[in-house]
>>> print(open('structure-v1.txt').read())   # compact mmCIF, C-alpha atoms and all ligand atoms
# COMPACT_ATOMS: atom_id res chain seq x y z
CA MET B 1 7.05 7.43 -22.05
CA ILE B 2 7.63 3.87 -23.23
CA MET B 3 5.25 1.14 -22.12
CA ARG B 4 7.04 -1.37 -19.94
CA ASP B 5 5.85 -4.92 -19.37
CA THR B 6 4.53 -3.82 -15.97
CA ASP B 7 2.53 -1.06 -17.70
CA ARG B 8 0.99 -3.57 -20.10
CA ALA B 9 0.16 -5.79 -17.13
CA LEU B 10 -1.53 -2.82 -15.44
CA VAL B 11 -3.72 -2.24 -18.51
CA GLN B 12 -4.59 -5.94 -18.48
CA ALA B 13 -5.51 -5.74 -14.80
CA ALA B 14 -7.84 -2.78 -15.34
CA THR B 15 -9.32 -4.46 -18.42
CA ALA B 16 -10.04 -7.62 -16.43
CA VAL B 17 -11.77 -5.63 -13.67
CA ALA B 18 -13.80 -3.70 -16.25
CA LYS B 19 -14.99 -6.95 -17.83
CA LEU B 20 -15.74 -8.62 -14.52
CA ARG B 21 -17.22 -5.77 -12.46
CA CYS B 22 -18.55 -3.12 -14.83
CA ARG B 23 -21.89 -4.64 -15.69
CA SER B 24 -24.34 -1.88 -14.92
CA ASP B 25 -24.69 1.85 -15.33
CA ASN B 26 -23.49 2.23 -11.74
CA HIS B 27 -20.01 0.99 -12.63
CA THR B 28 -18.71 1.71 -16.12
CA VAL B 29 -14.96 2.28 -15.69
CA ALA B 30 -12.24 0.33 -13.89
CA ALA B 31 -8.84 1.67 -12.85
CA ALA B 32 -5.66 -0.05 -11.74
CA VAL B 33 -2.75 1.64 -10.02
CA ARG B 34 0.70 0.23 -9.25
CA SER B 35 2.79 1.19 -6.25
CA THR B 36 6.54 1.63 -6.40
CA ASP B 37 6.93 -1.73 -4.66
CA GLY B 38 5.01 -3.42 -7.47
CA ARG B 39 1.64 -4.01 -5.86
CA VAL B 40 -1.49 -3.39 -7.95
CA PHE B 41 -4.74 -1.97 -6.61
CA SER B 42 -7.96 -1.55 -8.53
CA GLY B 43 -11.30 0.19 -8.27
CA VAL B 44 -14.42 0.96 -10.25
CA ASN B 45 -16.30 4.21 -10.52
CA VAL B 46 -19.45 4.68 -8.46
CA TYR B 47 -21.80 6.60 -10.69
CA HIS B 48 -24.24 8.91 -8.98
CA PHE B 49 -25.87 12.12 -10.13
CA THR B 50 -24.49 13.92 -7.09
CA GLY B 51 -20.95 13.32 -8.36
CA GLY B 52 -19.89 9.81 -7.51
CA PRO B 53 -16.16 9.14 -7.64
CA CYS B 54 -14.29 8.11 -10.76
CA ALA B 55 -12.54 4.74 -10.87
CA GLU B 56 -9.14 6.40 -10.48
CA VAL B 57 -10.12 7.97 -7.16
CA VAL B 58 -11.60 4.70 -5.91
CA ALA B 59 -8.37 2.91 -6.85
CA LEU B 60 -6.39 5.52 -4.88
CA GLY B 61 -8.66 4.86 -1.91
CA ALA B 62 -8.20 1.10 -2.27
CA ALA B 63 -4.43 1.59 -2.35
CA ALA B 64 -4.56 3.73 0.78
CA THR B 65 -6.84 1.22 2.47
CA GLN B 66 -4.29 -1.52 1.90
CA GLY B 67 -1.34 0.53 3.05
CA ALA B 68 0.25 1.33 -0.28
CA GLY B 69 2.98 3.91 -0.23
CA GLU B 70 4.05 5.88 -3.25
CA LEU B 71 2.17 5.11 -6.45
CA GLU B 72 3.93 5.18 -9.80
CA THR B 73 1.47 4.40 -12.60
CA ILE B 74 -2.31 4.40 -13.10
CA VAL B 75 -4.68 3.53 -15.91
CA ALA B 76 -8.44 3.54 -16.44
CA VAL B 77 -10.33 1.25 -18.81
CA GLY B 78 -13.93 1.62 -19.96
CA ASP B 79 -16.59 -1.05 -20.00
CA ARG B 80 -17.93 -2.69 -23.16
CA GLY B 81 -14.50 -2.82 -24.74
CA ARG B 82 -13.92 0.94 -24.81
CA GLY B 83 -10.28 0.50 -23.93
CA VAL B 84 -8.02 2.92 -22.08
CA LEU B 85 -9.69 6.18 -21.10
CA PRO B 86 -7.85 9.40 -20.23
CA PRO B 87 -8.57 10.76 -16.74
CA CYS B 88 -11.06 13.59 -16.34
CA GLY B 89 -9.89 17.01 -15.23
CA ARG B 90 -10.75 16.46 -11.60
CA CYS B 91 -8.79 13.19 -11.47
CA ARG B 92 -5.80 14.82 -13.17
CA GLN B 93 -5.74 17.43 -10.42
CA VAL B 94 -6.15 14.85 -7.65
CA LEU B 95 -3.35 12.71 -9.09
CA LEU B 96 -1.03 15.68 -9.47
CA ASP B 97 -1.69 16.95 -5.95
CA TYR B 98 -1.32 13.57 -4.23
CA PHE B 99 1.24 11.85 -6.47
CA PRO B 100 3.06 14.51 -8.51
CA SER B 101 5.44 11.97 -10.05
CA ILE B 102 2.79 9.41 -11.04
CA LYS B 103 2.53 8.34 -14.67
CA VAL B 104 -0.78 7.92 -16.45
CA ILE B 105 -1.30 5.47 -19.28
CA VAL B 106 -3.16 7.11 -22.17
CA GLY B 107 -3.54 6.77 -25.90
CA PRO B 108 -5.15 4.56 -28.52
CA PRO B 109 -4.85 0.76 -28.34
CA ASP B 110 -1.94 0.70 -30.76
CA GLY B 111 -0.24 3.72 -29.24
CA LEU B 112 -0.50 3.44 -25.47
CA ARG B 113 2.08 5.37 -23.51
CA ALA B 114 2.79 6.15 -19.86
CA ILE B 115 3.25 9.88 -19.42
CA PRO B 116 3.82 12.07 -16.33
CA VAL B 117 0.56 13.44 -14.93
CA ALA B 118 2.06 16.92 -15.11
CA ASP B 119 2.06 16.58 -18.90
CA LEU B 120 -1.72 16.26 -18.73
CA LEU B 121 -2.02 19.52 -16.79
CA PRO B 122 0.34 22.15 -18.17
CA GLU B 123 0.44 25.47 -16.30
CA THR B 124 -1.66 23.92 -13.58
CA TYR B 125 -2.72 25.17 -10.23
CA VAL B 126 -0.52 23.43 -7.64
CA TRP B 127 -2.45 23.10 -4.43
CA SER B 128 0.57 22.61 -2.15
CA ASP B 129 2.19 25.77 -3.54
CA GLN B 130 -0.86 27.78 -2.51
CA GLN B 131 -0.91 26.70 1.12
CA VAL B 132 0.16 29.79 3.02
CA GLU B 133 1.77 29.23 6.39
CA VAL B 134 -0.72 30.40 8.96
CA PRO B 135 0.34 31.44 12.47
CA VAL B 136 -0.88 29.10 15.17
CA ALA B 137 -2.99 31.86 16.73
CA ALA B 138 -4.87 32.29 13.47
CA ARG B 139 -5.59 28.56 13.30
CA ALA B 140 -7.05 28.78 16.80
CA GLY B 141 -9.93 30.84 15.50
CA VAL B 142 -8.91 34.46 15.37
CA TRP B 143 -8.95 34.88 11.64
CA PRO B 144 -9.43 38.45 10.50
CA THR B 145 -12.90 39.11 9.20
CA PRO B 146 -12.82 38.69 5.43
CA VAL B 147 -13.74 41.71 3.37
CA VAL B 148 -16.30 40.73 0.79
CA PRO B 149 -15.90 42.75 -2.40
CA GLY B 150 -18.87 45.04 -2.89
CA SER B 151 -20.08 44.62 0.65
CA ARG B 152 -20.89 47.71 2.65
CA GLN B 153 -18.73 48.51 5.59
CA ALA B 154 -20.43 49.37 8.84
CA PRO B 155 -20.48 53.14 9.27
CA GLU B 156 -17.96 54.38 11.76
CA ASP B 157 -18.85 56.91 14.40
ZN ZN A 201 -12.17 11.40 -13.07
>>> encode(input="structure-v1.txt", output="structure tokens")
Amino acid sequence: MIMRDTDRALVQAATAVAKLRCRSDNHTVAAAVRSTDGRVFSGVNVYHFTGGPCAEVVALGAAATQGAGELETIVAVGDRGRGVLPPCGRCRQVLLDYFPSIKVIVGPPDGLRAIPVADLLPETYVWSDQQVEVPVAARAGVWPTPVVPGSRQAPED
């Protein structure tokens, strides 16, 4: 939970990207994520009314693009000096599903802390736990016809 020097450096990295790159309504938040081998990747949100990605997701994509392995800490910083921003619900779920042990830096300027993403999503849906093993034959396209609640069954002769 304690902020390490590397965590403070991550906040500084995201803050620098926010100042440098978030200069229009299209890009208003910057994120920086650190891999377990110490590399830092950053991204900015891409606002669009259809649901453009948050900065955190773009940073994850940048990390993947550059071959990062496991990621250990992420932070998002708002433009115009808004400071560290907590991730939205969708990002919390993405982070938990892809990097269940990642820490997220949250809190006010004088009380920043790096906490496990799971602490931001108590009693959460865990996607990987819900993936039922499906026989190979079923994957090949012979799924049983789903029964839609309330739908009428075809009359049988
Ligand atoms: Zn988000």
>>> closest_atom_pairs(input="structure-v1.txt", of="chain B", to="ligand ZN 201 (chain A)", cutoff="9 Å", atoms="only C-alpha atoms and all ligand atoms", output="JSON lines")
{"residue": "B:Asn45", "atom": "CA", "partner": "A:ZN201", "partner_atom": "ZN", "distance": 8.7}
{"residue": "B:Pro53", "atom": "CA", "partner": "A:ZN201", "partner_atom": "ZN", "distance": 7.1}
{"residue": "B:Cys54", "atom": "CA", "partner": "A:ZN201", "partner_atom": "ZN", "distance": 4.5}
{"residue": "B:Ala55", "atom": "CA", "partner": "A:ZN201", "partner_atom": "ZN", "distance": 7.0}
{"residue": "B:Glu56", "atom": "CA", "partner": "A:ZN201", "partner_atom": "ZN", "distance": 6.4}
{"residue": "B:Val57", "atom": "CA", "partner": "A:ZN201", "partner_atom": "ZN", "distance": 7.1}
{"residue": "B:Pro86", "atom": "CA", "partner": "A:ZN201", "partner_atom": "ZN", "distance": 8.6}
{"residue": "B:Pro87", "atom": "CA", "partner": "A:ZN201", "partner_atom": "ZN", "distance": 5.2}
{"residue": "B:Cys88", "atom": "CA", "partner": "A:ZN201", "partner_atom": "ZN", "distance": 4.1}
{"residue": "B:Gly89", "atom": "CA", "partner": "A:ZN201", "partner_atom": "ZN", "distance": 6.4}
{"residue": "B:Arg90", "atom": "CA", "partner": "A:ZN201", "partner_atom": "ZN", "distance": 5.5}
{"residue": "B:Cys91", "atom": "CA", "partner": "A:ZN201", "partner_atom": "ZN", "distance": 4.1}
{"residue": "B:Arg92", "atom": "CA", "partner": "A:ZN201", "partner_atom": "ZN", "distance": 7.2}
{"residue": "B:Val94", "atom": "CA", "partner": "A:ZN201", "partner_atom": "ZN", "distance": 8.8}
>>> atom_distance(input="structure-v1.txt", atom1="atom CA of B:Ala62", atom2="atom CA of B:Ser101")
19.1 Å
>>> residues_around(input="structure-v1.txt", residues="stretch 102-117 of chain B", least_positions_apart="4", cutoff="6 Å", atoms="only C-alpha atoms", output="list in words")
Met1, Ile2, Met3, Glu72, Thr73, Ile74, Val75 and Pro86 of chain B
>>> write_last_selection(input="structure-v1.txt", atoms="C-alpha atoms", output="PDB file, in the frame of the given file")
ATOM      1  CA  MET B   1       7.050   7.430 -22.050  1.00  0.00           C
ATOM      2  CA  ILE B   2       7.630   3.870 -23.230  1.00  0.00           C
ATOM      3  CA  MET B   3       5.250   1.140 -22.120  1.00  0.00           C
ATOM      4  CA  GLU B  72       3.930   5.180  -9.800  1.00  0.00           C
ATOM      5  CA  THR B  73       1.470   4.400 -12.600  1.00  0.00           C
ATOM      6  CA  ILE B  74      -2.310   4.400 -13.100  1.00  0.00           C
ATOM      7  CA  VAL B  75      -4.680   3.530 -15.910  1.00  0.00           C
ATOM      8  CA  PRO B  86      -7.850   9.400 -20.230  1.00  0.00           C
TER       9      PRO B  86
END
>>> atom_distance(input="structure-v1.txt", atom1="atom CA of B:Ala64", atom2="atom CA of B:Val40")
11.7 Å
>>> closest_residue(input="structure-v1.txt", among="B:Ala59, B:Ala118, B:Ala68, B:Val44", to="B:Leu20", atoms="all atoms listed in the file")
B:Val44
>>> atom_distance(input="structure-v1.txt", atom1="atom CA of B:Ser35", atom2="atom CA of B:Leu121")
21.7 Å
>>> closest_residue(input="structure-v1.txt", among="B:Glu133, B:Asp25, B:Asp7, B:Asp119", to="B:Gly78", atoms="only C-alpha atoms")
B:Asp25
>>> closest_residue(input="structure-v1.txt", among="B:Val126, B:Val17, B:Ala63, B:Cys22", to="B:Thr36", atoms="all atoms listed in the file")
B:Ala63
>>> closest_residue(input="structure-v1.txt", among="B:Gly67, B:Ser128, B:Ala30, B:Arg4", to="B:Val84", atoms="only C-alpha atoms")
B:Ala30
